[in-house]
Structures are given as C-alpha cells and as structure tokens.
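Peer 1: Coordinates in data39.cif, mmCIF, C-alpha atoms, are listed below.
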```cif
data_target
#
loop_
_atom_site.label_atom_id
_atom_site.label_comp_id
_atom_site.auth_asym_id
_atom_site.auth_seq_id
_atom_site.Cartn_x
_atom_site.Cartn_y
_atom_site.Cartn_z
CA MET T 1 75.59 129.59 84.54
CA GLU T 2 77.33 126.77 82.72
CA PHE T 3 81.03 126.23 83.05
CA LYS T 4 82.55 124.05 80.37
CA GLY T 5 84.85 121.42 81.82
CA TYR T 6 82.93 121.40 85.10
CA ALA T 7 80.06 119.18 86.11
CA GLY T 8 78.21 122.19 87.46
CA THR T 9 76.87 120.83 90.75
CA GLY T 10 78.03 120.39 94.33
CA LEU T 11 76.60 117.65 96.49
CA TRP T 12 75.84 118.21 100.18
CA VAL T 13 75.29 115.13 102.32
CA ASP T 14 74.23 115.40 105.95
CA LEU T 15 74.80 112.01 107.55
CA SER T 16 72.94 112.97 110.74
CA THR T 17 69.64 113.71 109.02
CA GLY T 18 70.17 111.76 105.80
CA ALA T 19 69.43 114.93 103.82
CA ILE T 20 71.03 115.16 100.38
CA LYS T 21 71.11 118.51 98.64
CA LYS T 22 72.39 119.54 95.23
CA GLU T 23 73.72 123.04 94.69
CA SER T 24 74.71 124.81 91.48
CA LEU T 25 78.37 125.66 91.20
CA ASP T 26 79.13 129.14 92.51
CA PRO T 27 80.82 131.24 89.77
CA ASP T 28 82.93 132.92 92.43
CA LEU T 29 84.24 129.53 93.57
CA VAL T 30 85.19 128.65 89.99
CA ASN T 31 86.77 131.97 89.14
CA ARG T 32 88.78 132.30 92.32
CA PHE T 33 89.58 128.73 93.28
CA VAL T 34 89.58 126.82 89.95
CA GLY T 35 88.76 123.30 91.22
CA GLY T 36 89.84 120.29 93.31
CA PHE T 37 92.26 121.49 95.97
CA GLY T 38 91.03 125.07 95.65
CA PHE T 39 87.35 124.15 96.01
CA THR T 40 87.86 121.82 98.95
CA ASN T 41 90.07 124.23 100.85
CA LYS T 42 87.80 127.22 100.31
CA LEU T 43 84.83 125.18 101.51
CA ALA T 44 86.85 123.85 104.45
CA TYR T 45 87.79 127.42 105.39
CA ASP T 46 84.12 128.36 105.42
CA LEU T 47 82.75 125.21 107.05
CA ILE T 48 85.26 123.74 109.50
CA ASP T 49 85.54 125.40 112.88
CA LYS T 50 89.17 125.66 113.96
CA ASP T 51 88.41 124.19 117.40
CA VAL T 52 86.36 121.24 116.19
CA ASP T 53 87.32 117.72 117.27
CA PRO T 54 88.32 115.88 114.04
CA LEU T 55 86.41 112.77 115.11
CA SER T 56 83.21 114.60 116.07
CA PRO T 57 80.09 114.94 113.90
CA GLU T 58 80.89 118.65 113.53
CA ASN T 59 83.96 117.91 111.42
CA VAL T 60 83.34 118.15 107.67
CA VAL T 61 84.87 116.13 104.83
CA ILE T 62 84.98 117.76 101.41
CA ILE T 63 85.77 115.55 98.44
CA GLY T 64 86.70 117.45 95.26
CA SER T 65 87.43 116.80 91.60
CA GLY T 66 89.86 119.01 89.70
CA ALA T 67 89.02 121.26 86.76
CA LEU T 68 90.70 118.82 84.37
CA SER T 69 89.42 115.62 86.02
CA GLY T 70 87.26 113.54 83.75
CA THR T 71 89.01 114.79 80.63
CA LEU T 72 91.81 113.40 78.52
CA ALA T 73 94.43 115.64 80.16
CA PRO T 74 97.25 113.25 81.12
CA GLY T 75 97.44 112.51 84.84
CA SER T 76 94.31 114.49 85.70
CA THR T 77 92.82 111.92 87.99
CA LYS T 78 93.47 112.89 91.58
CA VAL T 79 90.62 113.20 94.03
CA MET T 80 91.07 115.63 96.93
CA ALA T 81 89.71 115.07 100.44
CA THR T 82 89.98 118.05 102.77
CA THR T 83 89.10 117.65 106.43
CA LYS T 84 90.46 118.24 109.92
CA LEU T 85 92.81 115.31 110.50
CA PRO T 86 93.06 113.47 113.82
CA ILE T 87 96.80 112.83 113.67
CA ASN T 88 97.71 116.45 114.41
CA ASN T 89 94.47 118.45 114.38
CA ALA T 90 95.50 120.19 111.17
CA ILE T 91 93.18 120.81 108.26
CA GLY T 92 94.80 118.96 105.40
CA THR T 93 94.11 117.68 101.92
CA PRO T 94 95.11 114.08 101.31
CA PHE T 95 94.66 113.07 97.69
CA GLY T 96 94.62 109.82 95.73
CA GLY T 97 94.27 108.57 92.18
CA GLY T 98 90.88 107.67 90.73
CA PHE T 99 87.23 108.40 91.58
CA SER T 100 87.32 112.04 90.45
CA HIS T 101 86.69 111.34 86.75
CA LEU T 102 83.55 109.33 87.50
CA LEU T 103 82.35 111.89 90.05
CA LYS T 104 82.46 114.51 87.29
CA CYS T 105 80.80 112.12 84.84
CA ALA T 106 78.00 111.63 87.37
CA GLY T 107 77.53 115.40 87.45
CA TYR T 108 79.31 116.60 90.59
CA ASP T 109 82.41 118.70 91.18
CA TYR T 110 82.56 118.23 94.93
CA ILE T 111 80.85 116.49 97.86
CA VAL T 112 80.46 118.07 101.29
CA ILE T 113 79.89 115.44 104.00
CA THR T 114 78.70 116.56 107.43
CA GLY T 115 77.31 114.97 110.60
CA ARG T 116 77.38 111.37 111.77
CA ALA T 117 75.12 108.52 110.67
CA ASP T 118 73.24 106.51 113.33
CA LYS T 119 74.49 103.26 111.85
CA PRO T 120 77.11 102.35 109.23
CA VAL T 121 76.27 103.60 105.76
CA TYR T 122 77.91 104.12 102.40
CA LEU T 123 77.19 106.89 99.92
CA LYS T 124 76.02 105.71 96.51
CA ILE T 125 76.22 108.14 93.59
CA MET T 126 74.87 106.90 90.26
CA ASP T 127 74.20 110.03 88.19
CA ASP T 128 71.10 111.70 89.71
CA ASP T 129 70.46 108.75 92.00
CA VAL T 130 72.29 109.69 95.22
CA SER T 131 71.50 107.89 98.44
CA LEU T 132 72.86 106.68 101.75
CA VAL T 133 72.74 102.90 101.84
CA ASP T 134 72.95 100.60 104.87
CA ALA T 135 76.53 99.31 105.13
CA GLY T 136 75.79 96.56 107.63
CA ASP T 137 77.06 93.89 105.25
CA VAL T 138 80.43 95.55 104.60
CA TRP T 139 81.15 97.10 108.03
CA GLY T 140 83.94 95.07 109.62
CA LYS T 141 85.28 93.93 106.28
CA ASP T 142 88.60 95.02 104.81
CA ILE T 143 88.97 97.43 101.92
CA PHE T 144 89.43 94.77 99.26
CA GLU T 145 86.36 92.79 100.25
CA THR T 146 84.35 95.97 100.63
CA THR T 147 85.37 97.27 97.21
CA ASP T 148 84.62 93.95 95.54
CA LEU T 149 81.23 93.66 97.24
CA LEU T 150 80.21 97.21 96.32
CA ARG T 151 81.35 96.71 92.74
CA GLY T 152 79.37 93.48 92.67
CA LYS T 153 76.28 95.48 93.64
CA HIS T 154 76.84 98.65 91.63
CA GLY T 155 78.90 97.53 88.64
CA ALA T 156 82.54 96.57 88.06
CA GLU T 157 83.09 99.93 86.33
CA SER T 158 82.24 101.97 89.39
CA SER T 159 84.87 103.68 91.49
CA VAL T 160 85.05 103.08 95.24
CA ILE T 161 86.69 104.93 98.12
CA ALA T 162 86.56 102.61 101.14
CA ILE T 163 88.01 102.43 104.62
CA GLY T 164 89.12 99.30 106.45
CA GLN T 165 88.82 98.08 110.02
CA ALA T 166 91.43 100.59 111.20
CA GLY T 167 89.28 103.50 110.11
CA GLU T 168 86.18 101.97 111.68
CA ASN T 169 88.08 101.74 114.97
CA LEU T 170 89.31 105.33 114.72
CA VAL T 171 93.00 104.51 114.35
CA ARG T 172 94.67 107.86 113.80
CA ILE T 173 96.98 106.64 111.05
CA SER T 174 94.19 104.93 109.11
CA PHE T 175 93.49 105.81 105.52
CA ALA T 176 91.18 104.96 102.65
CA LEU T 177 91.96 103.33 99.33
CA VAL T 178 90.59 104.43 95.97
CA ASP T 179 89.76 101.40 93.83
CA LYS T 180 92.01 99.18 95.96
CA PHE T 181 95.14 100.98 94.73
CA GLY T 182 95.16 104.71 95.32
CA THR T 183 96.14 105.68 98.85
CA LEU T 184 94.00 108.49 100.19
CA GLY T 185 94.18 109.94 103.64
CA ARG T 186 97.52 110.36 105.39
CA GLY T 187 96.76 111.85 108.76
CA GLY T 188 93.75 109.68 109.53
CA LEU T 189 91.05 110.28 106.93
CA GLY T 190 89.96 106.68 107.56
CA ALA T 191 89.23 107.51 111.20
CA VAL T 192 87.24 110.60 110.18
CA PHE T 193 85.12 108.43 107.89
CA GLY T 194 84.84 105.85 110.70
CA SER T 195 83.75 108.47 113.21
CA LYS T 196 80.97 109.41 110.82
CA ASN T 197 79.93 105.75 110.36
CA LEU T 198 80.74 106.22 106.68
CA LYS T 199 82.26 103.06 105.27
CA ALA T 200 82.61 103.98 101.60
CA LEU T 201 81.69 106.15 98.64
CA VAL T 202 80.77 104.45 95.39
CA VAL T 203 80.31 106.39 92.17
CA ASN T 204 79.54 105.81 88.54
CA GLY T 205 78.45 108.34 85.96
CA THR T 206 77.14 108.40 82.43
CA LYS T 207 76.59 112.11 81.87
CA GLY T 208 80.10 112.91 80.70
CA VAL T 209 82.14 116.10 80.83
CA SER T 210 81.78 118.68 78.07
CA ILE T 211 84.48 121.12 77.03
CA ALA T 212 84.38 124.37 75.11
CA ASP T 213 86.92 123.66 72.39
CA ALA T 214 87.41 119.96 71.70
CA VAL T 215 89.93 120.44 68.89
CA GLY T 216 92.10 122.85 70.87
CA PHE T 217 91.87 120.70 73.98
CA VAL T 218 92.98 117.56 72.18
CA GLU T 219 95.87 119.45 70.61
CA VAL T 220 97.20 120.64 73.98
CA ALA T 221 96.54 117.29 75.70
CA ASP T 222 98.37 115.53 72.91
CA SER T 223 101.41 117.79 73.16
CA VAL T 224 101.66 117.10 76.91
CA ARG T 225 101.17 113.42 76.26
CA GLN T 226 103.93 113.36 73.64
CA LYS T 227 106.34 114.92 76.11
CA MET T 228 105.47 112.34 78.74
CA MET T 229 105.82 109.50 76.25
CA LYS T 230 109.34 110.72 75.47
CA TYR T 231 110.42 110.80 79.10
CA PRO T 232 113.87 109.13 78.90
CA LEU T 233 113.20 106.59 81.66
CA ARG T 234 109.64 105.73 80.65
CA LYS T 235 110.62 102.40 79.09
CA GLU T 236 112.42 101.28 82.25
CA TRP T 237 109.59 102.61 84.38
CA LEU T 238 107.04 100.50 82.52
CA LYS T 239 109.24 97.46 82.91
CA LEU T 240 109.83 97.91 86.63
CA GLY T 241 106.76 99.75 87.82
CA PRO T 242 107.31 101.54 91.11
CA GLY T 243 110.40 99.37 91.59
CA ILE T 244 112.28 101.92 89.53
CA GLY T 245 112.70 103.99 92.67
CA ILE T 246 114.03 101.25 94.89
CA MET T 247 117.74 101.83 94.40
CA VAL T 248 117.42 105.53 95.03
CA TYR T 249 115.37 105.03 98.14
CA ASN T 250 117.54 102.23 99.35
CA ASN T 251 120.71 104.25 99.08
CA CYS T 252 119.46 107.61 100.18
CA PHE T 253 116.21 107.59 102.00
CA GLY T 254 116.07 104.31 103.91
CA SER T 255 114.90 104.85 107.45
CA TYR T 256 116.97 103.31 110.20
CA ARG T 257 116.89 103.98 113.91
CA ASN T 258 113.99 106.34 113.51
CA TRP T 259 115.71 108.33 110.76
CA GLY T 260 118.79 108.73 112.94
CA GLU T 261 120.84 106.92 110.31
CA ALA T 262 120.61 106.34 106.60
CA LEU T 263 120.71 102.84 105.26
CA ILE T 264 123.84 101.75 103.50
CA GLN T 265 123.80 98.78 101.20
CA ASP T 266 126.53 96.29 102.15
CA GLU T 267 127.68 92.92 100.89
CA ASP T 268 125.32 90.96 103.10
CA SER T 269 122.22 92.86 102.08
CA GLN T 270 119.78 91.30 99.72
CA ASP T 271 119.84 93.06 96.39
CA PRO T 272 116.55 94.95 96.56
CA PHE T 273 116.34 95.25 92.83
CA GLN T 274 116.55 91.52 92.29
CA ALA T 275 114.09 90.86 95.09
CA TRP T 276 111.64 93.31 93.54
CA MET T 277 111.76 91.56 90.20
CA GLN T 278 110.92 88.28 91.95
CA ILE T 279 107.64 89.64 93.18
CA PHE T 280 106.63 92.28 90.60
CA LYS T 281 103.60 90.92 88.78
CA SER T 282 102.12 93.79 86.80
CA GLY T 283 102.02 97.58 86.64
CA HIS T 284 98.88 99.67 86.99
CA SER T 285 98.10 103.32 86.47
CA CYS T 286 95.44 105.78 87.54
CA PRO T 287 92.96 106.87 84.87
CA THR T 288 94.64 109.08 82.21
CA CYS T 289 98.15 108.54 83.55
CA LEU T 290 100.95 107.44 81.27
CA LEU T 291 103.19 106.05 84.00
CA ASN T 292 102.61 103.14 86.36
CA CYS T 293 103.43 104.03 89.92
CA ARG T 294 101.24 101.20 91.19
CA ALA T 295 102.05 97.53 91.03
CA LEU T 296 100.67 94.20 91.89
CA VAL T 297 103.15 92.02 93.71
CA GLU T 298 102.95 88.31 94.33
CA LEU T 299 104.92 85.94 96.54
CA GLU T 300 105.60 82.70 94.72
CA GLU T 301 107.46 80.79 97.40
CA GLY T 302 107.49 80.18 101.12
CA GLU T 303 104.88 80.22 103.83
CA TYR T 304 102.93 83.03 102.19
CA ALA T 305 103.09 81.77 98.60
CA GLY T 306 100.17 83.05 96.58
CA LEU T 307 99.85 86.31 98.51
CA ILE T 308 98.94 89.10 96.12
CA ALA T 309 99.04 92.73 97.23
CA PRO T 310 99.02 96.14 95.59
CA ALA T 311 102.18 98.17 96.12
CA SER T 312 103.29 101.73 95.58
CA THR T 313 106.66 103.37 95.28
CA ASN T 314 107.43 104.46 98.77
CA ALA T 315 106.90 101.46 100.95
CA LEU T 316 109.09 98.63 99.80
CA SER T 317 112.28 100.61 99.93
CA THR T 318 111.76 102.08 103.34
CA TYR T 319 110.59 98.78 104.73
CA TRP T 320 113.48 96.93 103.31
CA ARG T 321 116.33 97.07 105.70
CA PRO T 322 114.77 97.27 109.12
CA VAL T 323 112.73 94.14 108.51
CA ASP T 324 114.95 92.45 106.00
CA THR T 325 112.94 89.49 104.84
CA LEU T 326 110.67 89.56 101.87
CA GLU T 327 107.89 87.66 103.57
CA LEU T 328 107.76 90.01 106.49
CA ILE T 329 107.79 93.04 104.27
CA LEU T 330 104.98 91.78 102.14
CA THR T 331 102.82 90.29 104.84
CA ASP T 332 103.10 93.44 106.85
CA ARG T 333 102.35 95.48 103.76
CA SER T 334 99.40 93.32 103.09
CA SER T 335 98.02 93.61 106.60
CA THR T 336 98.55 97.37 106.75
CA LEU T 337 96.81 97.74 103.44
CA THR T 338 94.07 95.32 104.34
CA PHE T 339 93.26 97.03 107.60
CA ALA T 340 94.08 100.29 105.88
CA ILE T 341 96.72 101.80 108.06
CA ASP T 342 98.94 104.36 106.42
CA MET T 343 102.13 102.73 105.22
CA ASP T 344 104.46 105.65 105.71
CA SER T 345 103.28 106.07 109.25
CA THR T 346 103.81 102.40 110.05
CA PHE T 347 107.28 102.07 108.68
CA LEU T 348 108.49 104.60 111.20
CA LYS T 349 107.61 102.00 113.77
CA PHE T 350 110.19 99.72 112.20
CA GLY T 351 112.66 102.52 111.86
CA ILE T 352 112.85 102.71 115.62
CA LEU T 353 114.04 99.08 115.88
CA MET V 354 98.99 86.42 72.87
CA ALA V 355 97.14 89.02 70.92
CA GLU V 356 93.41 88.68 71.00
CA LYS V 357 91.95 89.29 67.58
CA ILE V 358 88.99 91.59 67.29
CA ALA V 359 87.08 90.46 64.28
CA ASP V 360 86.56 92.83 61.35
CA ARG V 361 88.09 95.94 62.88
CA GLY V 362 91.74 95.18 62.42
CA ILE V 363 92.48 96.13 66.03
CA SER V 364 94.55 93.73 68.09
CA VAL V 365 94.51 93.71 71.90
CA LYS V 366 97.17 92.56 74.32
CA PRO V 367 95.26 92.64 77.62
CA ASP V 368 98.37 91.83 79.68
CA ARG V 369 99.81 95.21 78.78
CA CYS V 370 96.76 97.19 79.83
CA HIS V 371 97.25 99.43 82.88
CA GLY V 372 93.63 100.53 83.10
CA CYS V 373 94.28 104.19 82.20
CA LEU V 374 91.03 104.52 80.18
CA THR V 375 92.71 106.87 77.69
CA CYS V 376 91.21 104.85 74.82
CA GLN V 377 87.68 105.21 76.20
CA LEU V 378 88.04 108.93 76.86
CA ARG V 379 89.42 109.66 73.38
CA CYS V 380 86.80 107.46 71.71
CA SER V 381 83.94 109.06 73.61
CA LEU V 382 85.02 112.56 72.58
CA ARG V 383 84.76 111.53 68.94
CA THR V 384 81.52 109.63 69.28
CA THR V 385 79.61 111.90 71.70
CA GLY V 386 81.46 115.23 71.69
CA LYS V 387 82.03 114.79 75.45
CA PHE V 388 84.42 112.89 77.66
CA ASN V 389 82.19 110.04 78.68
CA PRO V 390 83.79 106.60 79.08
CA SER V 391 80.38 104.94 79.50
CA LYS V 392 79.43 105.91 75.93
CA ALA V 393 82.69 104.92 74.25
CA HIS V 394 82.71 102.27 71.55
CA ILE V 395 85.64 100.58 73.24
CA ARG V 396 85.08 99.34 76.78
CA VAL V 397 87.77 98.38 79.24
CA THR V 398 86.18 96.31 81.97
CA ARG V 399 87.80 95.20 85.19
CA ILE V 400 87.74 91.46 85.61
CA GLU V 401 85.56 91.00 88.64
CA GLY V 402 87.40 90.39 91.90
CA GLY V 403 90.74 90.46 90.07
CA TYR V 404 93.16 93.02 88.73
CA GLY V 405 93.07 92.34 84.98
CA TYR V 406 91.10 94.05 82.21
CA ARG V 407 88.87 92.86 79.42
CA HIS V 408 88.45 94.84 76.18
CA THR V 409 85.30 94.83 74.11
CA PHE V 410 84.09 96.87 71.15
CA ALA V 411 80.56 98.04 70.44
CA ASP V 412 78.94 97.06 67.17
CA GLU V 413 78.96 100.73 66.15
CA CYS V 414 82.78 100.90 66.24
CA ASP V 415 84.01 101.66 62.74
CA GLY V 416 87.67 102.13 63.61
CA CYS V 417 87.09 105.90 63.29
CA GLU V 418 86.90 105.29 59.53
CA GLY V 419 90.50 104.23 59.53
CA GLU V 420 91.84 106.71 62.08
CA TYR V 421 91.84 104.25 65.00
CA LEU V 422 92.06 106.91 67.69
CA CYS V 423 92.08 104.40 70.55
CA VAL V 424 95.11 102.69 69.02
CA GLN V 425 96.84 106.02 68.39
CA TRP V 426 96.34 107.20 71.96
CA CYS V 427 96.98 103.95 73.86
CA PRO V 428 100.12 104.71 75.90
CA TYR V 429 100.91 101.13 76.92
CA GLY V 430 100.96 99.24 73.62
CA THR V 431 97.82 97.32 74.53
CA LEU V 432 95.98 98.25 71.36
CA GLY V 433 97.57 97.82 67.97
CA LEU V 434 96.70 97.32 64.36
CA GLU V 435 96.71 93.86 62.91
CA ARG V 436 99.06 93.31 60.04
CA ARG V 437 97.15 92.81 56.90
#
```
Please express what this file holds, its structure, as structure tokens.
Peer 2:
Amino acid sequence: MEFKGYAGTGLWVDLSTGAIKKESLDPDLVNRFVGGFGFTNKLAYDLIDKDVDPLSPENVVIIGSGALSGTLAPGSTKVMATTKLPINNAIGTPFGGGFSHLLKCAGYDYIVITGRADKPVYLKIMDDDVSLVDAGDVWGKDIFETTDLLRGKHGAESSVIAIGQAGENLVRISFALVDKFGTLGRGGLGAVFGSKNLKALVVNGTKGVSIADAVGFVEVADSVRQKMMKYPLRKEWLKLGPGIGIMVYNNCFGSYRNWGEALIQDEDSQDPFQAWMQIFKSGHSCPTCLLNCRALVELEEGEYAGLIAPASTNALSTYWRPVDTLELILTDRSSTLTFAIDMDSTFLKFGIL
Amino acid sequence: MAEKIADRGISVKPDRCHGCLTCQLRCSLRTTGKFNPSKAHIRVTRIEGGYGYRHTFADECDGCEGEYLCVQWCPYGTLGLERR
C-alpha cells in the first residue's frame, strides 16, 4: 500500500549480526501514529523492555522522520530519536534539525537500531545502498572532524548525525549533532550510540518524496510561510540570530547558584547584547525553516582569536553570568560541543559556583 | 556583492543564504513532480569543511519560464532578480 508523503519503508539494523532488513510501512502505524514522534514511540513501546539497561545491546534506538519531513512545509525538518536514556532511565525522544528530509528522500521513514557492533562502525544510507562501514578512522575524533570526513567520503550534500568522544566514553550527558549544528540527544543519546559502537549515521537520497495533491499542498505551505514571513520580529531575528533571546534569558532565566537565584543585570555587568554582536558571524537555519536559531560565532581578539563555533539560543545567556568572560564562555562552549556534551546539562555545573 | 548568473537574470547573494533548501525543494516539485532536492535545477552546496554555501544552476534551468519560483520562495533574500 502506498502512502503519499511517506517514503514507505522502515529500516531495521542489527549491529550485533550486521543484518539489515527493509520493511514496508505498516498501514496501522501510519493511520494511528502519523509519523516521526508517533512512529518512534510506538516502536519503542513494542521493542524496548522497561527493565533494560540503556547502555546494553538490548536497548533500541529508533530514528524517525515526520509525515511532513522532506516536503516544503515550513520548519518540517526535525529528526526524532527515541531510546531509553542513561541519564534517568526514562524512554525519551530527543529531536534535532536536519537529516530527516534526506532520510525520506533515500526511501525510509524510520530506522530501528538494535544490538552492539563488535568494533566501531557507522551506518551509511545512500538510497538502496545501506551498509555498516568500519569507523576505525573516525572513532576518537570529534563531531566536526567526523562530519567533515564522512562528507568528504560520501558527498558534501549528505546529512550526518555523529557523536563525539564523550559519547564514545559513555558520558551520560553526551549528545549527537546533526550536520554540526542541530543538537540531538539530551539525556545521553551519545552514550547510547557509543555503547553500541555506533559512531555516526550518514544519509543522502535521490528518490524524493511524492505527495497526492501538489497544487493544494503548495497553497497551504505558502499560506503558512506567508504568516511566518510576517512575524513582527522576523527582521530583528534575522539580524541577530539566536542572540535575539539573550536579553530575555539574561533578565529572567539566568542560572545562578544552581537556580537558587535569578541573575540580575547590574552596572558592572558586560552588556550581553553588545558582546553577542562582537562575536555573531552568521545565521543558519535547518532545512525548510524561515528563522535562524543557529549561529556561527567567532572570537576576533585575545588568546583564542580565530575560534569559530556553532551556537544556539539557550547556551550563551545561561552561561553568561556565572563565568563572565567571553573567552571562557566560548572556549567552554567549543569544548562541550567538540566533545559533544549537552550544553544545558553542563551549564548547571557553573550554576552551582 | 551579488554574483551574476549569466542568462537567467537571477542574482545570488551567498552571504545571506542560511541553507534552508527551500529553493531546491520548490524547484524540484516543478521539475520532477516530487520533493527531491537532488534533482532540482538550482543546487545549494555546502562549501567543504566550512559553513558557507555555493549556488549553481543546471543548464536546463529556464527560470520557470519567467516565474522564478526559487526567487519567489527564498525566505532570506539570497536569490533575487537582476534589474534589467
């Protein structure tokens, strides 16, 4: 049975045996659970034992694309990853921007990953060509190097979910990054990948996603798009990138003394807005999104001049006060991102100071 | 600086590009009837190892016979029409 808007196939990968199986999409799954979050959670409910150790081969990771992923629908780009997370033993669904559109283009709506590989591997998905590839040359490398190396091998257009050294070493606040920007995996998805000896997923697809009514679809997508384009703060948002949230965070949500106190801006504080503009280099968005909640920041002066790092909305503001110097903020950001430790989990460490 | 794309009348300001691929998705729907960025007449390529984008057009691109859908749908002002 063909479902328009869906790729029509689920991919099952057993890392222990190396077996790769393709399964037609179950109509019941589509009708009852729609896609993405629904698919991954239904499959997790069926497949993950409630008593399983998150870092054991018996844990399962289910990666899912949404029903609208791969289409022109604005902001339809999130990829879902449902698994049992090591931080608190809960089954959760971290999600991040990117990857999902190419997964659908390659012909898959979801990937079920089970078992544990004997040695480090990455999963390569290029349309019908799906294989586990030796990851010996990228194991031990950070996310940025890994992503660049895999793109060098499989094409600059491909999308990569990779873990860093933290995930390899089973750090329970480790995450993965999608295409070097999209954070994926609060709660320790990186460690789950690491426990499975799975360094990365790389995907590219040329099959495309078909829809039932192209004219009607474009009409609705365009009306949503027009509304987003008219968002009153869009112009400022494009100018500032994620920095648009700094003042709000700084005045209301800054963590201090482990959330025991809120941060208050005083005369001696560095103006966070001004500091942001010194480092903001360019804005980036996920596929199909009309707003840029990702940025590239660059230090131009000081000991770390030349440092370039991706940034998202939440971190700079919450880091700001407890650490207080730009260099420290950025170098710590850079190292957490490089080793791929979850930012929001690390800043709590500073909040305690 | 706008980069001129010969013969099509489409101008590109790569610095403004956020990598959203809207142009490729819209183009591919017109050219193939599917959403398929790999078959679009406009290609947005990541500059290897960096964070910028490069824009190229296939020989088949005819500017949608004057409709310029990629320009119409670009949300970041990267693509525009050259003044004639």
Peer 1: Could you tell me how far atom CA of Gly75 of chain T sits from atom CA of Asn204 of chain T, in Å to one decimal place?
Peer 2: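 We find that atom CA of Asn204 of chain T and atom CA of Gly75 of chain T lie 19.5 Å from each other.
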Peer 1: Convert the output of the PyMOL selection byres ((chain T) within 6 of (chain V)) on the shown file into explicit residues, formatted as number ranges by chain.
Peer 2: T: 71, 148, 206, 208-210, 284-289
Peer 1: Can you work out the spacing between atom CA of Ile395 of chain V and atom CA of His408 of chain V in Å, to one decimal?
Peer 2: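 Value for the atom CA of Ile395 of chain V-atom CA of His408 of chain V distance: 7.0 Å.
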Peer 1: Go ahead and compute the interatomic distance for atom CA of Leu47 of chain T and atom CA of Val30 of chain T, in Å to one decimal.
Peer 2: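 Here the two named atoms are 17.6 Å from each other.
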Peer 1: Expand the PyMOL selection byres ((chain T and resi 142) around 7) into the individual residues it matches in the shown file, reporting them as a list in words.
Peer 2: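 Selection result, ordered by chain and number: Gly140, Lys141, Ile143, Phe144, Glu145, Thr146, Gly164, Gln165, Thr338 and Phe339 of chain T.
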Peer 1: Evaluate the PyMOL selection byres ((chain T and resi 172) around 7) against this structure - the residues, as a list in words, please.
Peer 2: Pro86, Ile87, Leu170, Val171, Ile173, Ser174, Gly187, Gly188 and Ala191 of chain T
Peer 1: Env of Leu432 of chain V: 6 Å cut, atoms = all atoms listed in the file, seq-sep filter 4 positions within chain, self excluded. Answer as a list in words.
Peer 2: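 Result of the neighbour search: Ser364, Val365 and Val424 of chain V.
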Peer 1: So which one's closest to Leu102 of chain T, T:Ser223, T:Thr83, T:Ser158, T:Asn88? Using only C-alpha atoms, please.
Peer 2: T:Ser158
Peer 1: Pick out the closest residue to Gly98 of chain T from this set: T:Leu296, T:Leu43, T:Val178, T:Val130. Count all atoms listed in the file.
Peer 2: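 Nearest to Gly98 of chain T: T:Val178.
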Peer 1: Which residues come within 8 Å of Val61 of chain T, counting all atoms listed in the file, excluding same-chain residues fewer than 6 positions away, as a PDB file with C-alpha atoms, in the frame of the given file?
Peer 2:
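Written out: out38.pdb:
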```pdb
ATOM      1  CA  ALA T  44      86.850 123.850 104.450  1.00  0.00           C
ATOM      2  CA  ALA T  81      89.710 115.070 100.440  1.00  0.00           C
ATOM      3  CA  THR T  82      89.980 118.050 102.770  1.00  0.00           C
ATOM      4  CA  THR T  83      89.100 117.650 106.430  1.00  0.00           C
ATOM      5  CA  LYS T  84      90.460 118.240 109.920  1.00  0.00           C
ATOM      6  CA  VAL T 112      80.460 118.070 101.290  1.00  0.00           C
ATOM      7  CA  ILE T 113      79.890 115.440 104.000  1.00  0.00           C
ATOM      8  CA  THR T 114      78.700 116.560 107.430  1.00  0.00           C
TER       9      THR T 114
END
```
Peer 1: Would you please work out which residue, of T:His101, T:Lys153, T:Lys50, T:Lys199, is nearest to Ala73 of chain T when using all atoms listed in the file?
Peer 2: T:His101
Peer 1: Just the residues within 9 Å of Asp127 of chain T, please, counting all atoms listed in the file, with nothing from its chain fewer than 2 positions along; format it as a PDB file with C-alpha atoms, in the frame of the given file.
Peer 2:
```pdb
ATOM      1  CA  LEU T 103      82.350 111.890  90.050  1.00  0.00           C
ATOM      2  CA  CYS T 105      80.800 112.120  84.840  1.00  0.00           C
ATOM      3  CA  ALA T 106      78.000 111.630  87.370  1.00  0.00           C
ATOM      4  CA  GLY T 107      77.530 115.400  87.450  1.00  0.00           C
ATOM      5  CA  TYR T 108      79.310 116.600  90.590  1.00  0.00           C
ATOM      6  CA  ILE T 125      76.220 108.140  93.590  1.00  0.00           C
ATOM      7  CA  ASP T 129      70.460 108.750  92.000  1.00  0.00           C
ATOM      8  CA  VAL T 130      72.290 109.690  95.220  1.00  0.00           C
ATOM      9  CA  VAL T 203      80.310 106.390  92.170  1.00  0.00           C
ATOM     10  CA  ASN T 204      79.540 105.810  88.540  1.00  0.00           C
ATOM     11  CA  GLY T 205      78.450 108.340  85.960  1.00  0.00           C
ATOM     12  CA  THR T 206      77.140 108.400  82.430  1.00  0.00           C
ATOM     13  CA  LYS T 207      76.590 112.110  81.870  1.00  0.00           C
TER      14      LYS T 207
END
```
Peer 1: With 8 Å as the threshold, what does the neighbourhood of (107.6, 92.9, 85.4) contain in terms of residues, counting all atoms listed in the file? Coordinates are those of the file; answer as a VMD selection string.
Peer 2: chain T and resid 239 to 241 277 280 to 283
Peer 1: I need the residues from that last selection saved to file as a short mmCIF file (atom, residue, chain, number, x, y, z; two decimals), keeping the file's coordinate frame (with C-alpha atoms), if you can.
Peer 2:
```cif
data_model
loop_
_atom_site.label_atom_id
_atom_site.label_comp_id
_atom_site.auth_asym_id
_atom_site.auth_seq_id
_atom_site.Cartn_x
_atom_site.Cartn_y
_atom_site.Cartn_z
CA LYS T 239 109.24 97.46 82.91
CA LEU T 240 109.83 97.91 86.63
CA GLY T 241 106.76 99.75 87.82
CA MET T 277 111.76 91.56 90.20
CA PHE T 280 106.63 92.28 90.60
CA LYS T 281 103.60 90.92 88.78
CA SER T 282 102.12 93.79 86.80
CA GLY T 283 102.02 97.58 86.64
#
```
Peer 1: Please return as a list in words every residue within 7 Å of (104.5, 104.7, 83.9), taking into account all atoms listed in the file and the file's own coordinates.
Peer 2: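 Looking at atoms near the point gives Arg234, Trp237, Leu238, Gly241, Leu290, Leu291, Asn292 and Cys293 of chain T.
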Peer 1: Just C-alpha atoms for this one: save the residues we selected as a short mmCIF file (atom, residue, chain, number, x, y, z; two decimals), in the frame of the given file.
Peer 2:
```
data_model
loop_
_atom_site.label_atom_id
_atom_site.label_comp_id
_atom_site.auth_asym_id
_atom_site.auth_seq_id
_atom_site.Cartn_x
_atom_site.Cartn_y
_atom_site.Cartn_z
CA ARG T 234 109.64 105.73 80.65
CA TRP T 237 109.59 102.61 84.38
CA LEU T 238 107.04 100.50 82.52
CA GLY T 241 106.76 99.75 87.82
CA LEU T 290 100.95 107.44 81.27
CA LEU T 291 103.19 106.05 84.00
CA ASN T 292 102.61 103.14 86.36
CA CYS T 293 103.43 104.03 89.92
#
```
Peer 1: Using all atoms listed in the file, which protein or nucleic acid residues come within 7 Å of Gly36 of chain T? Drop anything in the same chain fewer than 5 positions from it, and give the result as a ChimeraX atom specification.
Peer 2: /T:64-67,80
Peer 1: Pick from V:Thr384, V:Ile363, V:His394, V:Arg436: nearest to Tyr421 of chain V, with all atoms listed in the file counted?
Peer 2: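 The answer is V:Ile363, which sits nearest to Tyr421 of chain V.
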